[in-house]
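J.: Here you go, final.pdb (PDB, C-alpha atoms):
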MODEL        1
ATOM      1  CA  MET A   1      16.885 -18.009  13.743  1.00  0.00           C
ATOM      2  CA  THR A   2      14.423 -15.269  13.000  1.00  0.00           C
ATOM      3  CA  GLU A   3      11.634 -15.539  10.459  1.00  0.00           C
ATOM      4  CA  PRO A   4      12.339 -13.616   7.236  1.00  0.00           C
ATOM      5  CA  THR A   5      10.585 -10.269   7.062  1.00  0.00           C
ATOM      6  CA  THR A   6       7.809  -9.829   4.520  1.00  0.00           C
ATOM      7  CA  ARG A   7       8.904  -6.918   2.305  1.00  0.00           C
ATOM      8  CA  ILE A   8       6.084  -4.570   1.396  1.00  0.00           C
ATOM      9  CA  ILE A   9       6.496  -1.381  -0.617  1.00  0.00           C
ATOM     10  CA  GLY A  10       3.920   1.264   0.258  1.00  0.00           C
ATOM     11  CA  PHE A  11       3.180   4.186  -2.039  1.00  0.00           C
ATOM     12  CA  LEU A  12       1.486   6.697   0.282  1.00  0.00           C
ATOM     13  CA  CYS A  13      -0.266   9.965  -0.487  1.00  0.00           C
ATOM     14  CA  ASN A  14       1.630  12.830   1.155  1.00  0.00           C
ATOM     15  CA  TRP A  15      -1.449  14.601   2.468  1.00  0.00           C
ATOM     16  CA  CYS A  16      -3.421  11.786   4.090  1.00  0.00           C
ATOM     17  CA  SER A  17      -1.932   8.315   4.220  1.00  0.00           C
ATOM     18  CA  TYR A  18       1.656   9.367   4.886  1.00  0.00           C
ATOM     19  CA  ALA A  19       0.453  11.616   7.702  1.00  0.00           C
ATOM     20  CA  GLY A  20      -1.621   8.722   9.095  1.00  0.00           C
ATOM     21  CA  ALA A  21       1.408   6.416   8.989  1.00  0.00           C
ATOM     22  CA  ASP A  22       3.483   9.125  10.631  1.00  0.00           C
ATOM     23  CA  MET A  23       0.877   9.484  13.378  1.00  0.00           C
ATOM     24  CA  ALA A  24       0.960   5.720  13.977  1.00  0.00           C
ATOM     25  CA  GLY A  25       4.745   5.860  14.263  1.00  0.00           C
ATOM     26  CA  MET A  26       4.759   8.860  16.605  1.00  0.00           C
ATOM     27  CA  SER A  27       2.114   7.167  18.749  1.00  0.00           C
ATOM     28  CA  ARG A  28       4.332   4.079  18.878  1.00  0.00           C
ATOM     29  CA  MET A  29       1.627   1.803  17.537  1.00  0.00           C
ATOM     30  CA  ARG A  30       2.715  -1.731  16.731  1.00  0.00           C
ATOM     31  CA  GLN A  31       3.437  -2.187  13.005  1.00  0.00           C
ATOM     32  CA  PRO A  32       5.291  -4.710  10.855  1.00  0.00           C
ATOM     33  CA  ALA A  33       8.947  -3.884  10.274  1.00  0.00           C
ATOM     34  CA  GLY A  34       9.084  -4.906   6.614  1.00  0.00           C
ATOM     35  CA  VAL A  35       7.068  -2.003   5.197  1.00  0.00           C
ATOM     36  CA  ARG A  36       9.052   0.530   3.166  1.00  0.00           C
ATOM     37  CA  ILE A  37       7.179   3.734   2.468  1.00  0.00           C
ATOM     38  CA  ILE A  38       7.551   5.841  -0.637  1.00  0.00           C
ATOM     39  CA  ARG A  39       5.881   9.227  -0.250  1.00  0.00           C
ATOM     40  CA  VAL A  40       4.061  10.435  -3.375  1.00  0.00           C
ATOM     41  CA  PRO A  41       2.223  13.741  -3.869  1.00  0.00           C
ATOM     42  CA  CYS A  42      -1.052  11.920  -4.600  1.00  0.00           C
ATOM     43  CA  SER A  43      -2.117   8.305  -5.039  1.00  0.00           C
ATOM     44  CA  GLY A  44      -3.296   9.383  -8.487  1.00  0.00           C
ATOM     45  CA  ARG A  45       0.354   9.845  -9.434  1.00  0.00           C
ATOM     46  CA  VAL A  46       1.204   6.176  -8.853  1.00  0.00           C
ATOM     47  CA  ASP A  47       1.787   4.676 -12.263  1.00  0.00           C
ATOM     48  CA  PRO A  48       0.903   0.968 -12.444  1.00  0.00           C
ATOM     49  CA  LEU A  49       4.396   0.427 -13.885  1.00  0.00           C
ATOM     50  CA  LEU A  50       5.819   1.540 -10.510  1.00  0.00           C
ATOM     51  CA  VAL A  51       3.823  -1.220  -8.827  1.00  0.00           C
ATOM     52  CA  LEU A  52       5.069  -3.778 -11.336  1.00  0.00           C
ATOM     53  CA  ARG A  53       8.641  -2.529 -10.904  1.00  0.00           C
ATOM     54  CA  ALA A  54       8.378  -3.037  -7.143  1.00  0.00           C
ATOM     55  CA  PHE A  55       7.373  -6.658  -7.737  1.00  0.00           C
ATOM     56  CA  GLN A  56      10.139  -7.051 -10.301  1.00  0.00           C
ATOM     57  CA  GLU A  57      12.706  -5.781  -7.782  1.00  0.00           C
ATOM     58  CA  GLY A  58      11.643  -8.392  -5.220  1.00  0.00           C
ATOM     59  CA  ALA A  59       8.849  -6.882  -3.146  1.00  0.00           C
ATOM     60  CA  ASP A  60       6.639  -9.513  -1.534  1.00  0.00           C
ATOM     61  CA  GLY A  61       3.698  -7.115  -1.642  1.00  0.00           C
ATOM     62  CA  VAL A  62       2.742  -3.616  -2.735  1.00  0.00           C
ATOM     63  CA  LEU A  63       0.332  -1.252  -1.021  1.00  0.00           C
ATOM     64  CA  VAL A  64      -1.008   2.002  -2.445  1.00  0.00           C
ATOM     65  CA  SER A  65      -2.801   4.217   0.047  1.00  0.00           C
ATOM     66  CA  GLY A  66      -4.565   7.486  -0.670  1.00  0.00           C
ATOM     67  CA  CYS A  67      -7.189   9.885   0.608  1.00  0.00           C
ATOM     68  CA  HIS A  68     -10.827   9.103   1.289  1.00  0.00           C
ATOM     69  CA  PRO A  69     -13.337  10.130  -1.430  1.00  0.00           C
ATOM     70  CA  GLY A  70     -13.868  13.870  -1.360  1.00  0.00           C
ATOM     71  CA  ASP A  71     -10.690  14.563   0.671  1.00  0.00           C
ATOM     72  CA  CYS A  72      -8.106  14.564  -2.129  1.00  0.00           C
ATOM     73  CA  HIS A  73      -5.829  17.589  -1.935  1.00  0.00           C
ATOM     74  CA  TYR A  74      -5.761  17.626  -5.735  1.00  0.00           C
ATOM     75  CA  GLY A  75      -9.489  17.207  -6.242  1.00  0.00           C
ATOM     76  CA  SER A  76      -9.950  13.836  -7.875  1.00  0.00           C
ATOM     77  CA  GLY A  77      -6.565  12.117  -7.897  1.00  0.00           C
ATOM     78  CA  ASN A  78      -7.782   9.337  -5.611  1.00  0.00           C
ATOM     79  CA  TYR A  79     -10.600   8.524  -8.053  1.00  0.00           C
ATOM     80  CA  PHE A  80      -8.105   8.213 -10.933  1.00  0.00           C
ATOM     81  CA  ALA A  81      -5.890   6.006  -8.769  1.00  0.00           C
ATOM     82  CA  ARG A  82      -8.729   3.687  -7.863  1.00  0.00           C
ATOM     83  CA  ARG A  83      -9.730   3.152 -11.492  1.00  0.00           C
ATOM     84  CA  ARG A  84      -6.180   2.609 -12.658  1.00  0.00           C
ATOM     85  CA  LEU A  85      -5.228   0.300  -9.788  1.00  0.00           C
ATOM     86  CA  GLU A  86      -8.374  -1.819  -9.994  1.00  0.00           C
ATOM     87  CA  LEU A  87      -7.549  -2.474 -13.642  1.00  0.00           C
ATOM     88  CA  LEU A  88      -3.978  -3.357 -12.675  1.00  0.00           C
ATOM     89  CA  LYS A  89      -5.219  -5.781 -10.015  1.00  0.00           C
ATOM     90  CA  ARG A  90      -7.321  -7.600 -12.638  1.00  0.00           C
ATOM     91  CA  MET A  91      -4.277  -7.870 -14.915  1.00  0.00           C
ATOM     92  CA  LEU A  92      -1.852  -9.235 -12.291  1.00  0.00           C
ATOM     93  CA  PRO A  93      -2.766 -12.937 -12.762  1.00  0.00           C
ATOM     94  CA  ALA A  94      -1.990 -12.647 -16.482  1.00  0.00           C
ATOM     95  CA  LEU A  95       1.446 -11.344 -15.476  1.00  0.00           C
ATOM     96  CA  GLY A  96       2.011 -14.254 -13.096  1.00  0.00           C
ATOM     97  CA  ILE A  97       1.529 -12.221  -9.895  1.00  0.00           C
ATOM     98  CA  ASN A  98      -0.925 -13.302  -7.221  1.00  0.00           C
ATOM     99  CA  PRO A  99      -3.418 -10.385  -6.843  1.00  0.00           C
ATOM    100  CA  GLU A 100      -3.458 -11.002  -3.063  1.00  0.00           C
ATOM    101  CA  ARG A 101       0.027  -9.458  -3.027  1.00  0.00           C
ATOM    102  CA  PHE A 102      -1.342  -6.058  -4.105  1.00  0.00           C
ATOM    103  CA  HIS A 103      -3.695  -3.818  -2.152  1.00  0.00           C
ATOM    104  CA  TYR A 104      -5.171  -0.331  -2.517  1.00  0.00           C
ATOM    105  CA  THR A 105      -6.627   1.389   0.544  1.00  0.00           C
ATOM    106  CA  ARG A 106      -7.570   4.771   1.940  1.00  0.00           C
ATOM    107  CA  VAL A 107      -6.289   6.177   5.225  1.00  0.00           C
ATOM    108  CA  SER A 108      -6.682   9.772   6.384  1.00  0.00           C
ATOM    109  CA  ALA A 109      -4.183  11.840   8.337  1.00  0.00           C
ATOM    110  CA  THR A 110      -6.089  11.312  11.592  1.00  0.00           C
ATOM    111  CA  GLU A 111      -6.326   7.534  11.259  1.00  0.00           C
ATOM    112  CA  GLY A 112      -3.014   6.377  12.721  1.00  0.00           C
ATOM    113  CA  ALA A 113      -4.647   3.397  14.436  1.00  0.00           C
ATOM    114  CA  ARG A 114      -6.367   2.431  11.193  1.00  0.00           C
ATOM    115  CA  TRP A 115      -3.019   2.595   9.359  1.00  0.00           C
ATOM    116  CA  ALA A 116      -1.454   0.221  11.884  1.00  0.00           C
ATOM    117  CA  GLU A 117      -4.365  -2.218  11.498  1.00  0.00           C
ATOM    118  CA  VAL A 118      -4.372  -2.030   7.682  1.00  0.00           C
ATOM    119  CA  VAL A 119      -0.645  -2.535   7.285  1.00  0.00           C
ATOM    120  CA  SER A 120      -0.639  -5.446   9.751  1.00  0.00           C
ATOM    121  CA  ALA A 121      -3.545  -7.143   7.959  1.00  0.00           C
ATOM    122  CA  ILE A 122      -1.973  -6.631   4.549  1.00  0.00           C
ATOM    123  CA  THR A 123       1.361  -8.007   5.740  1.00  0.00           C
ATOM    124  CA  GLU A 124      -0.391 -11.156   6.972  1.00  0.00           C
ATOM    125  CA  ARG A 125      -2.326 -11.470   3.732  1.00  0.00           C
ATOM    126  CA  VAL A 126       0.841 -11.106   1.641  1.00  0.00           C
ATOM    127  CA  LYS A 127       2.686 -13.601   3.822  1.00  0.00           C
ATOM    128  CA  ASN A 128      -0.129 -16.143   3.351  1.00  0.00           C
ATOM    129  CA  ALA A 129      -0.288 -15.464  -0.404  1.00  0.00           C
ATOM    130  CA  ASN A 130       3.477 -16.021  -0.728  1.00  0.00           C
ATOM    131  CA  ASP A 131       3.253 -19.252   1.304  1.00  0.00           C
ATOM    132  CA  ASN A 132       0.558 -20.533  -1.063  1.00  0.00           C
ATOM    133  CA  ASP A 133       2.566 -19.733  -4.234  1.00  0.00           C
TER     134      ASP A 133
ENDMDL
END
Using C-alpha cells, write down the structure that the file contains.
T.:
Amino acid sequence: MTEPTTRIIGFLCNWCSYAGADMAGMSRMRQPAGVRIIRVPCSGRVDPLLVLRAFQEGADGVLVSGCHPGDCHYGSGNYFARRRLELLKRMLPALGINPERFHYTRVSATEGARWAEVVSAITERVKNANDND
C-alpha cells in the first residue's frame, strides 16, 4: 500500500511564484505530488476566505506564494497579502485550524530550486501537523 498523499493547495502569483514553480517543473526538480496550484494575478488578490474554503473542502495545507518585496508587478500587492495573511494565520486557532497547516512565502521567477525546497519543506510540515492533530 502507498502512503496517502498530503494535499496542499497553492495560490501562486502569476508573475513570480508560478514562473518559479514552472521552472522547477521544467528542470525536473523533485517535488511532492500532492500540491495543486491555483494561479492568481497577484498574491494580494488572495482573499483569506479562499484559504478557509480550501481547508473546508479538505486541503491538508494551504500555501500562498508571491513576489519578493519591491518586485510586485502591481506595485504593492505582496505587501497587502502579507498583512492580510498574517492576520489570518493568527485567527486560524480560533477557527480550529492548526496554523502550521498554512504558510505564506515569496519565490521569484528565477528561483525554481528554491520553490522545490519550499514546497517540500511545507509538505513535511503539514504532514507532521496533521499527524499531531
J.: Of the residues A:Ser108, A:Glu117, A:Val35, A:Ser27, which is the one nearest to A:Gly61, using all atoms listed in the file?
T.: A:Val35
J.: Apply the PyMOL selection byres ((chain A and resi 85) around 9) to the file shown and report the selected residues as a compact mmCIF listing (two decimals) with C-alpha atoms, in the frame of the given file.
T.:
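Result written to result.txt:
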# COMPACT_ATOMS: atom_id res chain seq x y z
CA VAL A 46 1.20 6.18 -8.85
CA ASP A 47 1.79 4.68 -12.26
CA PRO A 48 0.90 0.97 -12.44
CA VAL A 64 -1.01 2.00 -2.44
CA PHE A 80 -8.10 8.21 -10.93
CA ALA A 81 -5.89 6.01 -8.77
CA ARG A 82 -8.73 3.69 -7.86
CA ARG A 83 -9.73 3.15 -11.49
CA ARG A 84 -6.18 2.61 -12.66
CA GLU A 86 -8.37 -1.82 -9.99
CA LEU A 87 -7.55 -2.47 -13.64
CA LEU A 88 -3.98 -3.36 -12.68
CA LYS A 89 -5.22 -5.78 -10.02
CA ARG A 90 -7.32 -7.60 -12.64
CA HIS A 103 -3.70 -3.82 -2.15
CA TYR A 104 -5.17 -0.33 -2.52
J.: If you measure from atom CA of A:Met91 to atom CA of A:Val40, what distance in Å do you get, rounded to one decimal?
T.: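 Atom-to-atom, atom CA of A:Met91 to atom CA of A:Val40, that is 23.2 Å.
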J.: Tell me which residues the PyMOL selection byres ((chain A and resi 101) around 7) grabs here, as a PDB file with C-alpha atoms, keeping the file's coordinate frame.
T.:
ATOM      1  CA  ASP A  60       6.639  -9.513  -1.534  1.00  0.00           C
ATOM      2  CA  GLY A  61       3.698  -7.115  -1.642  1.00  0.00           C
ATOM      3  CA  VAL A  62       2.742  -3.616  -2.735  1.00  0.00           C
ATOM      4  CA  ASN A  98      -0.925 -13.302  -7.221  1.00  0.00           C
ATOM      5  CA  PRO A  99      -3.418 -10.385  -6.843  1.00  0.00           C
ATOM      6  CA  GLU A 100      -3.458 -11.002  -3.063  1.00  0.00           C
ATOM      7  CA  PHE A 102      -1.342  -6.058  -4.105  1.00  0.00           C
ATOM      8  CA  HIS A 103      -3.695  -3.818  -2.152  1.00  0.00           C
ATOM      9  CA  VAL A 126       0.841 -11.106   1.641  1.00  0.00           C
ATOM     10  CA  ALA A 129      -0.288 -15.464  -0.404  1.00  0.00           C
TER      11      ALA A 129
END
J.: Quick one: everything within 6 Å of A:Ser65, counting all atoms listed in the file, minus sequence neighbours fewer than 3 positions away in the same chain. Send it as a list of chain:residue names.
T.: A:Leu12, A:Ser17, A:Tyr104, A:Thr105, A:Arg106
J.: Find the distance between atom CA of A:Phe11 and atom CA of A:Ala54 and write it in Å to one decimal.
T.: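 Between these atoms lies a distance of 10.3 Å.
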J.: Under the PyMOL selection byres ((chain A and resi 37) around 9), which residues of this model are included? Write them out as a PDB file with C-alpha atoms, in the coordinates of the input.
T.:
ATOM      1  CA  ILE A   8       6.084  -4.570   1.396  1.00  0.00           C
ATOM      2  CA  ILE A   9       6.496  -1.381  -0.617  1.00  0.00           C
ATOM      3  CA  GLY A  10       3.920   1.264   0.258  1.00  0.00           C
ATOM      4  CA  PHE A  11       3.180   4.186  -2.039  1.00  0.00           C
ATOM      5  CA  LEU A  12       1.486   6.697   0.282  1.00  0.00           C
ATOM      6  CA  TYR A  18       1.656   9.367   4.886  1.00  0.00           C
ATOM      7  CA  VAL A  35       7.068  -2.003   5.197  1.00  0.00           C
ATOM      8  CA  ARG A  36       9.052   0.530   3.166  1.00  0.00           C
ATOM      9  CA  ILE A  38       7.551   5.841  -0.637  1.00  0.00           C
ATOM     10  CA  ARG A  39       5.881   9.227  -0.250  1.00  0.00           C
TER      11      ARG A  39
END
J.: So how far away is atom CA of A:Asn132 from atom CA of A:Arg30, in Å?
T.: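 Between atom CA of A:Arg30 and atom CA of A:Asn132 the gap is 26.0 Å.
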J.: Find, counting only C-alpha atoms, the residue in A:Thr6, A:Gly70, A:Asn78, A:Leu92 that gets nearest to A:Gly58.
T.: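 Closest candidate: A:Thr6.
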J.: Could you tell me which of A:Leu95, A:Leu49, A:Val118, A:Cys16 comes closest to A:His73 if we count all atoms listed in the file?
T.: A:Cys16
